[in-house]
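*Asks:* Structure supplied as model_0.cif; contents: mmCIF, N, CA and C atoms.
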```cif
data_structure
loop_
_atom_site.label_atom_id
_atom_site.label_comp_id
_atom_site.auth_asym_id
_atom_site.auth_seq_id
_atom_site.Cartn_x
_atom_site.Cartn_y
_atom_site.Cartn_z
N VAL Y 1 0.84 -1.18 0.00
CA VAL Y 1 0.00 0.00 0.00
C VAL Y 1 0.88 1.24 0.00
N GLN Y 2 0.58 2.16 -0.89
CA GLN Y 2 1.32 3.42 -0.92
C GLN Y 2 0.35 4.58 -1.15
N LEU Y 3 0.52 5.62 -0.36
CA LEU Y 3 -0.26 6.85 -0.49
C LEU Y 3 0.72 8.00 -0.58
N VAL Y 4 0.66 8.77 -1.66
CA VAL Y 4 1.61 9.85 -1.88
C VAL Y 4 0.86 11.16 -2.10
N GLU Y 5 1.02 12.07 -1.13
CA GLU Y 5 0.36 13.36 -1.20
C GLU Y 5 1.20 14.36 -1.97
N SER Y 6 0.53 15.31 -2.58
CA SER Y 6 1.20 16.41 -3.27
C SER Y 6 0.27 17.61 -3.31
N GLY Y 7 0.84 18.76 -3.68
CA GLY Y 7 0.03 19.96 -3.87
C GLY Y 7 0.14 20.99 -2.77
N GLY Y 8 0.87 20.67 -1.71
CA GLY Y 8 1.03 21.65 -0.65
C GLY Y 8 1.93 22.79 -1.08
N GLY Y 9 2.00 23.80 -0.22
CA GLY Y 9 2.85 24.95 -0.51
C GLY Y 9 2.50 26.13 0.35
N LEU Y 10 3.07 27.27 -0.01
CA LEU Y 10 2.82 28.52 0.70
C LEU Y 10 1.74 29.30 -0.04
N VAL Y 11 0.73 29.74 0.69
CA VAL Y 11 -0.37 30.49 0.10
C VAL Y 11 -0.77 31.60 1.06
N GLN Y 12 -1.24 32.69 0.51
CA GLN Y 12 -1.69 33.80 1.34
C GLN Y 12 -3.08 33.52 1.91
N PRO Y 13 -3.40 34.12 3.04
CA PRO Y 13 -4.76 33.97 3.58
C PRO Y 13 -5.80 34.36 2.54
N GLY Y 14 -6.85 33.54 2.46
CA GLY Y 14 -7.89 33.74 1.46
C GLY Y 14 -7.63 33.00 0.16
N GLY Y 15 -6.45 32.44 0.03
CA GLY Y 15 -6.10 31.73 -1.19
C GLY Y 15 -6.61 30.31 -1.21
N SER Y 16 -6.22 29.60 -2.27
CA SER Y 16 -6.68 28.23 -2.48
C SER Y 16 -5.52 27.32 -2.83
N LEU Y 17 -5.70 26.06 -2.49
CA LEU Y 17 -4.78 25.00 -2.90
C LEU Y 17 -5.60 23.74 -3.15
N ARG Y 18 -5.06 22.89 -4.02
CA ARG Y 18 -5.68 21.58 -4.24
C ARG Y 18 -4.65 20.51 -3.95
N LEU Y 19 -4.94 19.71 -2.95
CA LEU Y 19 -4.08 18.59 -2.61
C LEU Y 19 -4.52 17.35 -3.38
N SER Y 20 -3.56 16.51 -3.70
CA SER Y 20 -3.82 15.23 -4.35
C SER Y 20 -3.15 14.13 -3.55
N CYS Y 21 -3.71 12.94 -3.65
CA CYS Y 21 -3.14 11.76 -3.01
C CYS Y 21 -3.23 10.61 -4.00
N ALA Y 22 -2.08 10.17 -4.48
CA ALA Y 22 -2.02 9.06 -5.42
C ALA Y 22 -1.93 7.76 -4.63
N ALA Y 23 -2.87 6.87 -4.87
CA ALA Y 23 -2.92 5.60 -4.14
C ALA Y 23 -2.49 4.45 -5.04
N SER Y 24 -1.80 3.49 -4.46
CA SER Y 24 -1.39 2.31 -5.21
C SER Y 24 -1.21 1.14 -4.25
N GLY Y 25 -1.23 -0.04 -4.81
CA GLY Y 25 -1.01 -1.24 -4.02
C GLY Y 25 -2.25 -1.85 -3.40
N PHE Y 26 -3.40 -1.27 -3.69
CA PHE Y 26 -4.66 -1.82 -3.19
C PHE Y 26 -5.78 -1.34 -4.11
N THR Y 27 -6.97 -1.92 -3.91
CA THR Y 27 -8.11 -1.56 -4.75
C THR Y 27 -8.74 -0.30 -4.17
N PHE Y 28 -8.31 0.83 -4.68
CA PHE Y 28 -8.68 2.15 -4.14
C PHE Y 28 -10.19 2.33 -4.04
N SER Y 29 -10.92 1.87 -5.02
CA SER Y 29 -12.36 2.13 -5.08
C SER Y 29 -13.15 1.41 -4.01
N THR Y 30 -12.53 0.51 -3.28
CA THR Y 30 -13.26 -0.26 -2.27
C THR Y 30 -13.05 0.27 -0.85
N TYR Y 31 -12.37 1.41 -0.71
CA TYR Y 31 -12.08 1.95 0.61
C TYR Y 31 -12.60 3.38 0.78
N TRP Y 32 -13.18 3.65 1.97
CA TRP Y 32 -13.34 5.03 2.39
C TRP Y 32 -11.94 5.61 2.57
N MET Y 33 -11.86 6.92 2.34
CA MET Y 33 -10.57 7.61 2.49
C MET Y 33 -10.73 8.88 3.32
N TYR Y 34 -9.63 9.27 3.98
CA TYR Y 34 -9.62 10.44 4.85
C TYR Y 34 -8.56 11.44 4.42
N TRP Y 35 -8.77 12.67 4.81
CA TRP Y 35 -7.70 13.65 4.93
C TRP Y 35 -7.62 14.01 6.42
N VAL Y 36 -6.42 14.02 6.93
CA VAL Y 36 -6.19 14.46 8.31
C VAL Y 36 -5.03 15.45 8.27
N ARG Y 37 -4.89 16.22 9.33
CA ARG Y 37 -3.79 17.20 9.36
C ARG Y 37 -3.17 17.27 10.74
N GLN Y 38 -1.94 17.76 10.76
CA GLN Y 38 -1.22 17.88 12.01
C GLN Y 38 -0.43 19.18 12.03
N VAL Y 39 -0.73 20.02 12.99
CA VAL Y 39 0.06 21.21 13.22
C VAL Y 39 1.35 20.75 13.89
N PRO Y 40 2.49 21.25 13.44
CA PRO Y 40 3.75 20.83 14.06
C PRO Y 40 3.72 20.97 15.58
N GLY Y 41 4.05 19.89 16.24
CA GLY Y 41 4.07 19.89 17.70
C GLY Y 41 2.73 19.59 18.35
N LYS Y 42 1.70 19.39 17.54
CA LYS Y 42 0.37 19.10 18.08
C LYS Y 42 -0.15 17.79 17.50
N GLY Y 43 -1.31 17.39 17.96
CA GLY Y 43 -1.86 16.11 17.56
C GLY Y 43 -2.53 16.13 16.19
N LEU Y 44 -2.85 14.95 15.74
CA LEU Y 44 -3.55 14.79 14.47
C LEU Y 44 -5.01 15.19 14.62
N LYS Y 45 -5.53 15.81 13.58
CA LYS Y 45 -6.95 16.16 13.56
C LYS Y 45 -7.56 15.72 12.25
N TRP Y 46 -8.71 15.10 12.34
CA TRP Y 46 -9.44 14.66 11.16
C TRP Y 46 -10.01 15.87 10.44
N VAL Y 47 -9.89 15.89 9.13
CA VAL Y 47 -10.37 17.00 8.32
C VAL Y 47 -11.62 16.62 7.53
N SER Y 48 -11.55 15.48 6.84
CA SER Y 48 -12.65 15.11 5.96
C SER Y 48 -12.56 13.63 5.63
N LYS Y 49 -13.71 13.05 5.27
CA LYS Y 49 -13.70 11.67 4.79
C LYS Y 49 -14.71 11.51 3.67
N LEU Y 50 -14.53 10.44 2.91
CA LEU Y 50 -15.28 10.23 1.69
C LEU Y 50 -15.53 8.75 1.49
N ASN Y 51 -16.74 8.41 1.06
CA ASN Y 51 -17.05 7.00 0.87
C ASN Y 51 -16.48 6.49 -0.45
N ARG Y 52 -16.72 5.21 -0.71
CA ARG Y 52 -16.09 4.53 -1.85
C ARG Y 52 -16.48 5.15 -3.18
N ARG Y 53 -17.75 5.51 -3.31
CA ARG Y 53 -18.22 6.04 -4.59
C ARG Y 53 -18.01 7.54 -4.73
N GLY Y 54 -17.69 8.19 -3.60
CA GLY Y 54 -17.46 9.63 -3.63
C GLY Y 54 -18.70 10.47 -3.50
N ASP Y 55 -19.80 9.88 -3.03
CA ASP Y 55 -21.04 10.65 -2.92
C ASP Y 55 -21.48 10.89 -1.48
N ILE Y 56 -20.71 10.45 -0.53
CA ILE Y 56 -20.97 10.75 0.88
C ILE Y 56 -19.72 11.37 1.47
N THR Y 57 -19.86 12.58 1.96
CA THR Y 57 -18.72 13.31 2.51
C THR Y 57 -19.00 13.76 3.93
N ARG Y 58 -17.95 13.90 4.69
CA ARG Y 58 -18.02 14.45 6.04
C ARG Y 58 -16.86 15.41 6.23
N TYR Y 59 -17.12 16.48 6.98
CA TYR Y 59 -16.09 17.49 7.20
C TYR Y 59 -16.05 17.90 8.67
N ALA Y 60 -14.86 18.22 9.12
CA ALA Y 60 -14.73 18.85 10.42
C ALA Y 60 -15.36 20.24 10.36
N ASP Y 61 -15.93 20.68 11.47
CA ASP Y 61 -16.58 21.99 11.50
C ASP Y 61 -15.63 23.11 11.08
N SER Y 62 -14.38 22.97 11.39
CA SER Y 62 -13.40 24.03 11.11
C SER Y 62 -13.17 24.26 9.62
N VAL Y 63 -13.53 23.28 8.79
CA VAL Y 63 -13.27 23.41 7.35
C VAL Y 63 -14.55 23.36 6.52
N LYS Y 64 -15.67 23.12 7.16
CA LYS Y 64 -16.93 22.97 6.44
C LYS Y 64 -17.24 24.24 5.65
N GLY Y 65 -17.62 24.07 4.39
CA GLY Y 65 -17.94 25.20 3.54
C GLY Y 65 -16.73 25.79 2.82
N ARG Y 66 -15.53 25.38 3.22
CA ARG Y 66 -14.31 25.89 2.59
C ARG Y 66 -13.54 24.80 1.85
N PHE Y 67 -13.59 23.58 2.38
CA PHE Y 67 -12.84 22.46 1.78
C PHE Y 67 -13.81 21.50 1.11
N THR Y 68 -13.34 20.88 0.03
CA THR Y 68 -14.13 19.87 -0.66
C THR Y 68 -13.27 18.65 -0.94
N ILE Y 69 -13.72 17.50 -0.45
CA ILE Y 69 -13.03 16.25 -0.71
C ILE Y 69 -13.67 15.57 -1.91
N SER Y 70 -12.84 14.92 -2.72
CA SER Y 70 -13.36 14.20 -3.88
C SER Y 70 -12.38 13.09 -4.25
N ARG Y 71 -12.80 12.26 -5.17
CA ARG Y 71 -11.93 11.17 -5.61
C ARG Y 71 -12.21 10.85 -7.06
N ASP Y 72 -11.19 10.28 -7.71
CA ASP Y 72 -11.31 9.75 -9.06
C ASP Y 72 -10.86 8.30 -8.98
N ASN Y 73 -11.80 7.39 -8.91
CA ASN Y 73 -11.45 5.98 -8.76
C ASN Y 73 -10.75 5.42 -10.00
N ALA Y 74 -11.00 6.01 -11.15
CA ALA Y 74 -10.31 5.56 -12.36
C ALA Y 74 -8.83 5.92 -12.32
N LYS Y 75 -8.51 6.99 -11.61
CA LYS Y 75 -7.11 7.43 -11.49
C LYS Y 75 -6.49 7.07 -10.14
N ASN Y 76 -7.25 6.39 -9.29
CA ASN Y 76 -6.77 6.02 -7.96
C ASN Y 76 -6.23 7.24 -7.20
N THR Y 77 -7.00 8.31 -7.24
CA THR Y 77 -6.53 9.56 -6.64
C THR Y 77 -7.61 10.20 -5.78
N LEU Y 78 -7.18 10.69 -4.63
CA LEU Y 78 -8.02 11.42 -3.69
C LEU Y 78 -7.61 12.89 -3.76
N TYR Y 79 -8.57 13.78 -3.62
CA TYR Y 79 -8.30 15.22 -3.70
C TYR Y 79 -8.85 15.95 -2.48
N LEU Y 80 -8.27 17.11 -2.22
CA LEU Y 80 -8.84 18.03 -1.25
C LEU Y 80 -8.68 19.44 -1.81
N GLN Y 81 -9.79 20.03 -2.21
CA GLN Y 81 -9.79 21.42 -2.66
C GLN Y 81 -10.00 22.31 -1.44
N MET Y 82 -9.06 23.20 -1.22
CA MET Y 82 -9.08 24.06 -0.04
C MET Y 82 -9.20 25.51 -0.49
N ASN Y 83 -10.28 26.14 -0.13
CA ASN Y 83 -10.53 27.54 -0.48
C ASN Y 83 -10.61 28.38 0.78
N SER Y 84 -10.50 29.69 0.61
CA SER Y 84 -10.59 30.64 1.73
C SER Y 84 -9.68 30.21 2.87
N LEU Y 85 -8.46 29.90 2.53
CA LEU Y 85 -7.53 29.39 3.53
C LEU Y 85 -7.21 30.43 4.60
N LYS Y 86 -7.02 29.91 5.81
CA LYS Y 86 -6.74 30.73 6.98
C LYS Y 86 -5.39 30.33 7.57
N PRO Y 87 -4.74 31.21 8.29
CA PRO Y 87 -3.47 30.83 8.93
C PRO Y 87 -3.59 29.58 9.79
N GLU Y 88 -4.73 29.39 10.42
CA GLU Y 88 -4.90 28.21 11.27
C GLU Y 88 -5.06 26.92 10.48
N ASP Y 89 -5.12 26.99 9.16
CA ASP Y 89 -5.10 25.79 8.33
C ASP Y 89 -3.68 25.29 8.07
N THR Y 90 -2.70 26.05 8.51
CA THR Y 90 -1.31 25.64 8.34
C THR Y 90 -1.07 24.34 9.07
N ALA Y 91 -0.60 23.33 8.33
CA ALA Y 91 -0.40 22.00 8.91
C ALA Y 91 0.22 21.09 7.86
N LEU Y 92 0.61 19.94 8.33
CA LEU Y 92 1.01 18.85 7.44
C LEU Y 92 -0.25 18.03 7.16
N TYR Y 93 -0.58 17.87 5.90
CA TYR Y 93 -1.81 17.19 5.51
C TYR Y 93 -1.48 15.79 5.00
N TYR Y 94 -2.21 14.81 5.55
CA TYR Y 94 -2.03 13.42 5.18
C TYR Y 94 -3.31 12.85 4.58
N CYS Y 95 -3.16 11.99 3.60
CA CYS Y 95 -4.31 11.16 3.24
C CYS Y 95 -4.14 9.82 3.94
N ALA Y 96 -5.25 9.17 4.19
CA ALA Y 96 -5.22 7.94 4.96
C ALA Y 96 -6.34 7.02 4.49
N ARG Y 97 -6.08 5.73 4.64
CA ARG Y 97 -7.07 4.74 4.24
C ARG Y 97 -7.86 4.27 5.46
N ASP Y 98 -9.16 4.18 5.28
CA ASP Y 98 -10.02 3.70 6.36
C ASP Y 98 -9.97 2.18 6.46
N ASP Y 99 -9.99 1.72 7.67
CA ASP Y 99 -10.09 0.28 7.93
C ASP Y 99 -11.12 0.07 9.03
N LEU Y 100 -12.36 -0.13 8.64
CA LEU Y 100 -13.45 -0.38 9.57
C LEU Y 100 -13.56 0.72 10.63
N GLY Y 101 -13.47 1.96 10.18
CA GLY Y 101 -13.65 3.09 11.08
C GLY Y 101 -12.37 3.64 11.65
N GLY Y 102 -11.28 2.93 11.45
CA GLY Y 102 -9.99 3.45 11.88
C GLY Y 102 -9.12 3.68 10.66
N VAL Y 103 -7.85 3.96 10.89
CA VAL Y 103 -6.91 4.19 9.79
C VAL Y 103 -5.83 3.14 9.83
N ASP Y 104 -5.56 2.53 8.66
CA ASP Y 104 -4.49 1.53 8.67
C ASP Y 104 -3.26 1.95 7.87
N TYR Y 105 -3.41 2.87 6.93
CA TYR Y 105 -2.25 3.35 6.18
C TYR Y 105 -2.32 4.85 6.00
N TRP Y 106 -1.14 5.47 6.08
CA TRP Y 106 -0.98 6.91 5.91
C TRP Y 106 0.05 7.19 4.83
N GLY Y 107 -0.07 8.40 4.25
CA GLY Y 107 1.02 8.87 3.41
C GLY Y 107 2.05 9.59 4.26
N LYS Y 108 3.02 10.23 3.61
CA LYS Y 108 4.06 10.97 4.33
C LYS Y 108 3.69 12.43 4.52
N GLY Y 109 2.63 12.86 3.86
CA GLY Y 109 2.12 14.20 4.08
C GLY Y 109 2.65 15.25 3.12
N THR Y 110 1.89 16.34 3.02
CA THR Y 110 2.31 17.49 2.24
C THR Y 110 2.02 18.74 3.09
N LEU Y 111 3.00 19.64 3.13
CA LEU Y 111 2.91 20.79 4.03
C LEU Y 111 2.15 21.94 3.38
N VAL Y 112 1.17 22.45 4.11
CA VAL Y 112 0.43 23.64 3.70
C VAL Y 112 0.74 24.76 4.68
N THR Y 113 1.21 25.88 4.16
CA THR Y 113 1.52 27.04 4.99
C THR Y 113 0.69 28.22 4.50
N VAL Y 114 -0.11 28.77 5.39
CA VAL Y 114 -0.96 29.91 5.03
C VAL Y 114 -0.42 31.12 5.79
N SER Y 115 0.16 32.03 5.03
CA SER Y 115 0.81 33.17 5.66
C SER Y 115 0.95 34.30 4.65
N SER Y 116 0.89 35.52 5.16
CA SER Y 116 1.10 36.69 4.30
C SER Y 116 2.56 37.12 4.35
#
```
So that I can check it, write out the structure of this file as structure tokens.

*Replies:*
Amino acid sequence: VQLVESGGGLVQPGGSLRLSCAASGFTFSTYWMYWVRQVPGKGLKWVSKLNRRGDITRYADSVKGRFTISRDNAKNTLYLQMNSLKPEDTALYYCARDDLGGVDYWGKGTLVTVSS
């Protein structure tokens, strides 16, 4: 199993970024997937999750209305569109695979920095 995130970077407050997660080594379309984030020195926080078909989504209150999770099962890729970014969104963002309500595999993360 391999999950490789990309798309992070430095963006000004109010800006947008689109994260991608390329999945391989398993049947991507049969798993719920998550985005989680970690502020350096702090714990992991769940951001969003998505069902197998991509038609059921859940978001943390802190990102609701600003972030959109999606997937392309034909490309084995998970996405996170992040709009109206705030400094408090600064974190290392990971994609993760669901295993019966928990997480069994993580990527190495992509850093998002929101700063002027």

*Asks:* As a check of understanding, name the residues that the PyMOL selection byres (((chain Y and resi 89 and name CA) around 8) and name CA) selects in the supplied structure, as an MDAnalysis selection string.

*Replies:* chainID Y and resid 85:88 90:91 112:114

*Asks:* Need to verify the contact set: Thr110 in chain Y, 8 Å, only C-alpha atoms, exclusion of same-chain residues closer than 3 positions in sequence. Can you return it as an mmCIF file with N, CA and C atoms, in the coordinates of the input?

*Replies:*
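Final output, saved to selection_9.cif:
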```
data_model
loop_
_atom_site.group_PDB
_atom_site.id
_atom_site.type_symbol
_atom_site.label_atom_id
_atom_site.label_comp_id
_atom_site.auth_asym_id
_atom_site.auth_seq_id
_atom_site.Cartn_x
_atom_site.Cartn_y
_atom_site.Cartn_z
ATOM 1 N N GLU Y 5 1.020 12.070 -1.130
ATOM 2 C CA GLU Y 5 0.360 13.360 -1.200
ATOM 3 C C GLU Y 5 1.200 14.360 -1.970
ATOM 4 N N SER Y 6 0.530 15.310 -2.580
ATOM 5 C CA SER Y 6 1.200 16.410 -3.270
ATOM 6 C C SER Y 6 0.270 17.610 -3.310
ATOM 7 N N GLY Y 7 0.840 18.760 -3.680
ATOM 8 C CA GLY Y 7 0.030 19.960 -3.870
ATOM 9 C C GLY Y 7 0.140 20.990 -2.770
ATOM 10 N N GLY Y 8 0.870 20.670 -1.710
ATOM 11 C CA GLY Y 8 1.030 21.650 -0.650
ATOM 12 C C GLY Y 8 1.930 22.790 -1.080
ATOM 13 N N GLY Y 9 2.000 23.800 -0.220
ATOM 14 C CA GLY Y 9 2.850 24.950 -0.510
ATOM 15 C C GLY Y 9 2.500 26.130 0.350
ATOM 16 N N LEU Y 92 0.610 19.940 8.330
ATOM 17 C CA LEU Y 92 1.010 18.850 7.440
ATOM 18 C C LEU Y 92 -0.250 18.030 7.160
ATOM 19 N N TYR Y 93 -0.580 17.870 5.900
ATOM 20 C CA TYR Y 93 -1.810 17.190 5.510
ATOM 21 C C TYR Y 93 -1.480 15.790 5.000
ATOM 22 N N TYR Y 94 -2.210 14.810 5.550
ATOM 23 C CA TYR Y 94 -2.030 13.420 5.180
ATOM 24 C C TYR Y 94 -3.310 12.850 4.580
#
```

*Asks:* Of the candidates Y:Leu44, Y:Leu78, Y:Leu100, Y:Val36, which one gets nearest to Cys21 in chain Y if we count all atoms listed in the file?

*Replies:*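 The shortest atom-to-atom distance to Cys21 in chain Y comes from Y:Leu78.
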
*Asks:* Looking at only N, CA and C atoms, which of Y:Gly109, Y:Lys42, Y:Lys75, Y:Gln81 is the one that sits closest to Ala22 in chain Y?

*Replies:*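 Selected residue with least distance to Ala22 in chain Y: Y:Lys75.
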
*Asks:* To one decimal place, how far is CA of Met33 in chain Y from CA of Ala60 in chain Y in Å?

*Replies:*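 Straight-line distance from CA of Met33 in chain Y to CA of Ala60 in chain Y works out to 14.4 Å.
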
*Asks:* May I have all residues of chain Y that DSSP, computed from the backbone, assigns to strand (DSSP E), given as a compact mmCIF listing (two decimals) with N, CA and C atoms, in the frame of the given file?

*Replies:*
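Okay, states-v2.txt is ready:
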```
# COMPACT_ATOMS: atom_id res chain seq x y z
N GLN Y 2 0.58 2.16 -0.89
CA GLN Y 2 1.32 3.42 -0.92
C GLN Y 2 0.35 4.58 -1.15
N LEU Y 3 0.52 5.62 -0.36
CA LEU Y 3 -0.26 6.85 -0.49
C LEU Y 3 0.72 8.00 -0.58
N VAL Y 4 0.66 8.77 -1.66
CA VAL Y 4 1.61 9.85 -1.88
C VAL Y 4 0.86 11.16 -2.10
N GLU Y 5 1.02 12.07 -1.13
CA GLU Y 5 0.36 13.36 -1.20
C GLU Y 5 1.20 14.36 -1.97
N SER Y 6 0.53 15.31 -2.58
CA SER Y 6 1.20 16.41 -3.27
C SER Y 6 0.27 17.61 -3.31
N GLY Y 9 2.00 23.80 -0.22
CA GLY Y 9 2.85 24.95 -0.51
C GLY Y 9 2.50 26.13 0.35
N LEU Y 10 3.07 27.27 -0.01
CA LEU Y 10 2.82 28.52 0.70
C LEU Y 10 1.74 29.30 -0.04
N VAL Y 11 0.73 29.74 0.69
CA VAL Y 11 -0.37 30.49 0.10
C VAL Y 11 -0.77 31.60 1.06
N LEU Y 17 -5.70 26.06 -2.49
CA LEU Y 17 -4.78 25.00 -2.90
C LEU Y 17 -5.60 23.74 -3.15
N ARG Y 18 -5.06 22.89 -4.02
CA ARG Y 18 -5.68 21.58 -4.24
C ARG Y 18 -4.65 20.51 -3.95
N LEU Y 19 -4.94 19.71 -2.95
CA LEU Y 19 -4.08 18.59 -2.61
C LEU Y 19 -4.52 17.35 -3.38
N SER Y 20 -3.56 16.51 -3.70
CA SER Y 20 -3.82 15.23 -4.35
C SER Y 20 -3.15 14.13 -3.55
N CYS Y 21 -3.71 12.94 -3.65
CA CYS Y 21 -3.14 11.76 -3.01
C CYS Y 21 -3.23 10.61 -4.00
N ALA Y 22 -2.08 10.17 -4.48
CA ALA Y 22 -2.02 9.06 -5.42
C ALA Y 22 -1.93 7.76 -4.63
N ALA Y 23 -2.87 6.87 -4.87
CA ALA Y 23 -2.92 5.60 -4.14
C ALA Y 23 -2.49 4.45 -5.04
N SER Y 24 -1.80 3.49 -4.46
CA SER Y 24 -1.39 2.31 -5.21
C SER Y 24 -1.21 1.14 -4.25
N MET Y 33 -11.86 6.92 2.34
CA MET Y 33 -10.57 7.61 2.49
C MET Y 33 -10.73 8.88 3.32
N TYR Y 34 -9.63 9.27 3.98
CA TYR Y 34 -9.62 10.44 4.85
C TYR Y 34 -8.56 11.44 4.42
N TRP Y 35 -8.77 12.67 4.81
CA TRP Y 35 -7.70 13.65 4.93
C TRP Y 35 -7.62 14.01 6.42
N VAL Y 36 -6.42 14.02 6.93
CA VAL Y 36 -6.19 14.46 8.31
C VAL Y 36 -5.03 15.45 8.27
N ARG Y 37 -4.89 16.22 9.33
CA ARG Y 37 -3.79 17.20 9.36
C ARG Y 37 -3.17 17.27 10.74
N GLN Y 38 -1.94 17.76 10.76
CA GLN Y 38 -1.22 17.88 12.01
C GLN Y 38 -0.43 19.18 12.03
N LEU Y 44 -2.85 14.95 15.74
CA LEU Y 44 -3.55 14.79 14.47
C LEU Y 44 -5.01 15.19 14.62
N LYS Y 45 -5.53 15.81 13.58
CA LYS Y 45 -6.95 16.16 13.56
C LYS Y 45 -7.56 15.72 12.25
N TRP Y 46 -8.71 15.10 12.34
CA TRP Y 46 -9.44 14.66 11.16
C TRP Y 46 -10.01 15.87 10.44
N VAL Y 47 -9.89 15.89 9.13
CA VAL Y 47 -10.37 17.00 8.32
C VAL Y 47 -11.62 16.62 7.53
N SER Y 48 -11.55 15.48 6.84
CA SER Y 48 -12.65 15.11 5.96
C SER Y 48 -12.56 13.63 5.63
N LYS Y 49 -13.71 13.05 5.27
CA LYS Y 49 -13.70 11.67 4.79
C LYS Y 49 -14.71 11.51 3.67
N LEU Y 50 -14.53 10.44 2.91
CA LEU Y 50 -15.28 10.23 1.69
C LEU Y 50 -15.53 8.75 1.49
N THR Y 57 -19.86 12.58 1.96
CA THR Y 57 -18.72 13.31 2.51
C THR Y 57 -19.00 13.76 3.93
N ARG Y 58 -17.95 13.90 4.69
CA ARG Y 58 -18.02 14.45 6.04
C ARG Y 58 -16.86 15.41 6.23
N TYR Y 59 -17.12 16.48 6.98
CA TYR Y 59 -16.09 17.49 7.20
C TYR Y 59 -16.05 17.90 8.67
N PHE Y 67 -13.59 23.58 2.38
CA PHE Y 67 -12.84 22.46 1.78
C PHE Y 67 -13.81 21.50 1.11
N THR Y 68 -13.34 20.88 0.03
CA THR Y 68 -14.13 19.87 -0.66
C THR Y 68 -13.27 18.65 -0.94
N ILE Y 69 -13.72 17.50 -0.45
CA ILE Y 69 -13.03 16.25 -0.71
C ILE Y 69 -13.67 15.57 -1.91
N SER Y 70 -12.84 14.92 -2.72
CA SER Y 70 -13.36 14.20 -3.88
C SER Y 70 -12.38 13.09 -4.25
N ARG Y 71 -12.80 12.26 -5.17
CA ARG Y 71 -11.93 11.17 -5.61
C ARG Y 71 -12.21 10.85 -7.06
N ASP Y 72 -11.19 10.28 -7.71
CA ASP Y 72 -11.31 9.75 -9.06
C ASP Y 72 -10.86 8.30 -8.98
N THR Y 77 -7.00 8.31 -7.24
CA THR Y 77 -6.53 9.56 -6.64
C THR Y 77 -7.61 10.20 -5.78
N LEU Y 78 -7.18 10.69 -4.63
CA LEU Y 78 -8.02 11.42 -3.69
C LEU Y 78 -7.61 12.89 -3.76
N TYR Y 79 -8.57 13.78 -3.62
CA TYR Y 79 -8.30 15.22 -3.70
C TYR Y 79 -8.85 15.95 -2.48
N LEU Y 80 -8.27 17.11 -2.22
CA LEU Y 80 -8.84 18.03 -1.25
C LEU Y 80 -8.68 19.44 -1.81
N GLN Y 81 -9.79 20.03 -2.21
CA GLN Y 81 -9.79 21.42 -2.66
C GLN Y 81 -10.00 22.31 -1.44
N MET Y 82 -9.06 23.20 -1.22
CA MET Y 82 -9.08 24.06 -0.04
C MET Y 82 -9.20 25.51 -0.49
N ALA Y 91 -0.60 23.33 8.33
CA ALA Y 91 -0.40 22.00 8.91
C ALA Y 91 0.22 21.09 7.86
N LEU Y 92 0.61 19.94 8.33
CA LEU Y 92 1.01 18.85 7.44
C LEU Y 92 -0.25 18.03 7.16
N TYR Y 93 -0.58 17.87 5.90
CA TYR Y 93 -1.81 17.19 5.51
C TYR Y 93 -1.48 15.79 5.00
N TYR Y 94 -2.21 14.81 5.55
CA TYR Y 94 -2.03 13.42 5.18
C TYR Y 94 -3.31 12.85 4.58
N CYS Y 95 -3.16 11.99 3.60
CA CYS Y 95 -4.31 11.16 3.24
C CYS Y 95 -4.14 9.82 3.94
N ALA Y 96 -5.25 9.17 4.19
CA ALA Y 96 -5.22 7.94 4.96
C ALA Y 96 -6.34 7.02 4.49
N ARG Y 97 -6.08 5.73 4.64
CA ARG Y 97 -7.07 4.74 4.24
C ARG Y 97 -7.86 4.27 5.46
N ASP Y 98 -9.16 4.18 5.28
CA ASP Y 98 -10.02 3.70 6.36
C ASP Y 98 -9.97 2.18 6.46
N ASP Y 99 -9.99 1.72 7.67
CA ASP Y 99 -10.09 0.28 7.93
C ASP Y 99 -11.12 0.07 9.03
N GLY Y 102 -11.28 2.93 11.45
CA GLY Y 102 -9.99 3.45 11.88
C GLY Y 102 -9.12 3.68 10.66
N VAL Y 103 -7.85 3.96 10.89
CA VAL Y 103 -6.91 4.19 9.79
C VAL Y 103 -5.83 3.14 9.83
N ASP Y 104 -5.56 2.53 8.66
CA ASP Y 104 -4.49 1.53 8.67
C ASP Y 104 -3.26 1.95 7.87
N TYR Y 105 -3.41 2.87 6.93
CA TYR Y 105 -2.25 3.35 6.18
C TYR Y 105 -2.32 4.85 6.00
N TRP Y 106 -1.14 5.47 6.08
CA TRP Y 106 -0.98 6.91 5.91
C TRP Y 106 0.05 7.19 4.83
N THR Y 110 1.89 16.34 3.02
CA THR Y 110 2.31 17.49 2.24
C THR Y 110 2.02 18.74 3.09
N LEU Y 111 3.00 19.64 3.13
CA LEU Y 111 2.91 20.79 4.03
C LEU Y 111 2.15 21.94 3.38
N VAL Y 112 1.17 22.45 4.11
CA VAL Y 112 0.43 23.64 3.70
C VAL Y 112 0.74 24.76 4.68
N THR Y 113 1.21 25.88 4.16
CA THR Y 113 1.52 27.04 4.99
C THR Y 113 0.69 28.22 4.50
N VAL Y 114 -0.11 28.77 5.39
CA VAL Y 114 -0.96 29.91 5.03
C VAL Y 114 -0.42 31.12 5.79
```

*Asks:* Show which residues sit within 9 Å of Tyr31 in chain Y, as a ChimeraX atom specification. Count only C-alpha atoms, and ignore same-chain residues fewer than 5 positions away.

*Replies:* /Y:50-52,97-99

*Asks:* In terms of the shortest atom-to-atom distance over only N, CA and C atoms, which of Y:Arg58, Y:Met82, Y:Gly107, Y:Tyr34 is closest to Leu17 in chain Y?

*Replies:*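 Of the candidates, the smallest distance to Leu17 in chain Y is held by Y:Met82.
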
*Asks:* Just so the selection is clear, what residues does the PyMOL selection byres ((chain Y and resi 15) around 6) cover here, as a count of residues only?

*Replies:* 10

*Asks:* I'd like the interatomic distance between atom N of Asp61 in chain Y and atom N of Cys95 in chain Y, to a tenth of an Å.

*Replies:*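 About the pair atom N of Asp61 in chain Y and atom N of Cys95 in chain Y: they are 17.3 Å apart.
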
*Asks:* In Å, with one decimal, what is the gap from CA of Gly43 in chain Y to CA of Tyr59 in chain Y?

*Replies:*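 Straight-line distance from CA of Gly43 in chain Y to CA of Tyr59 in chain Y works out to 17.7 Å.
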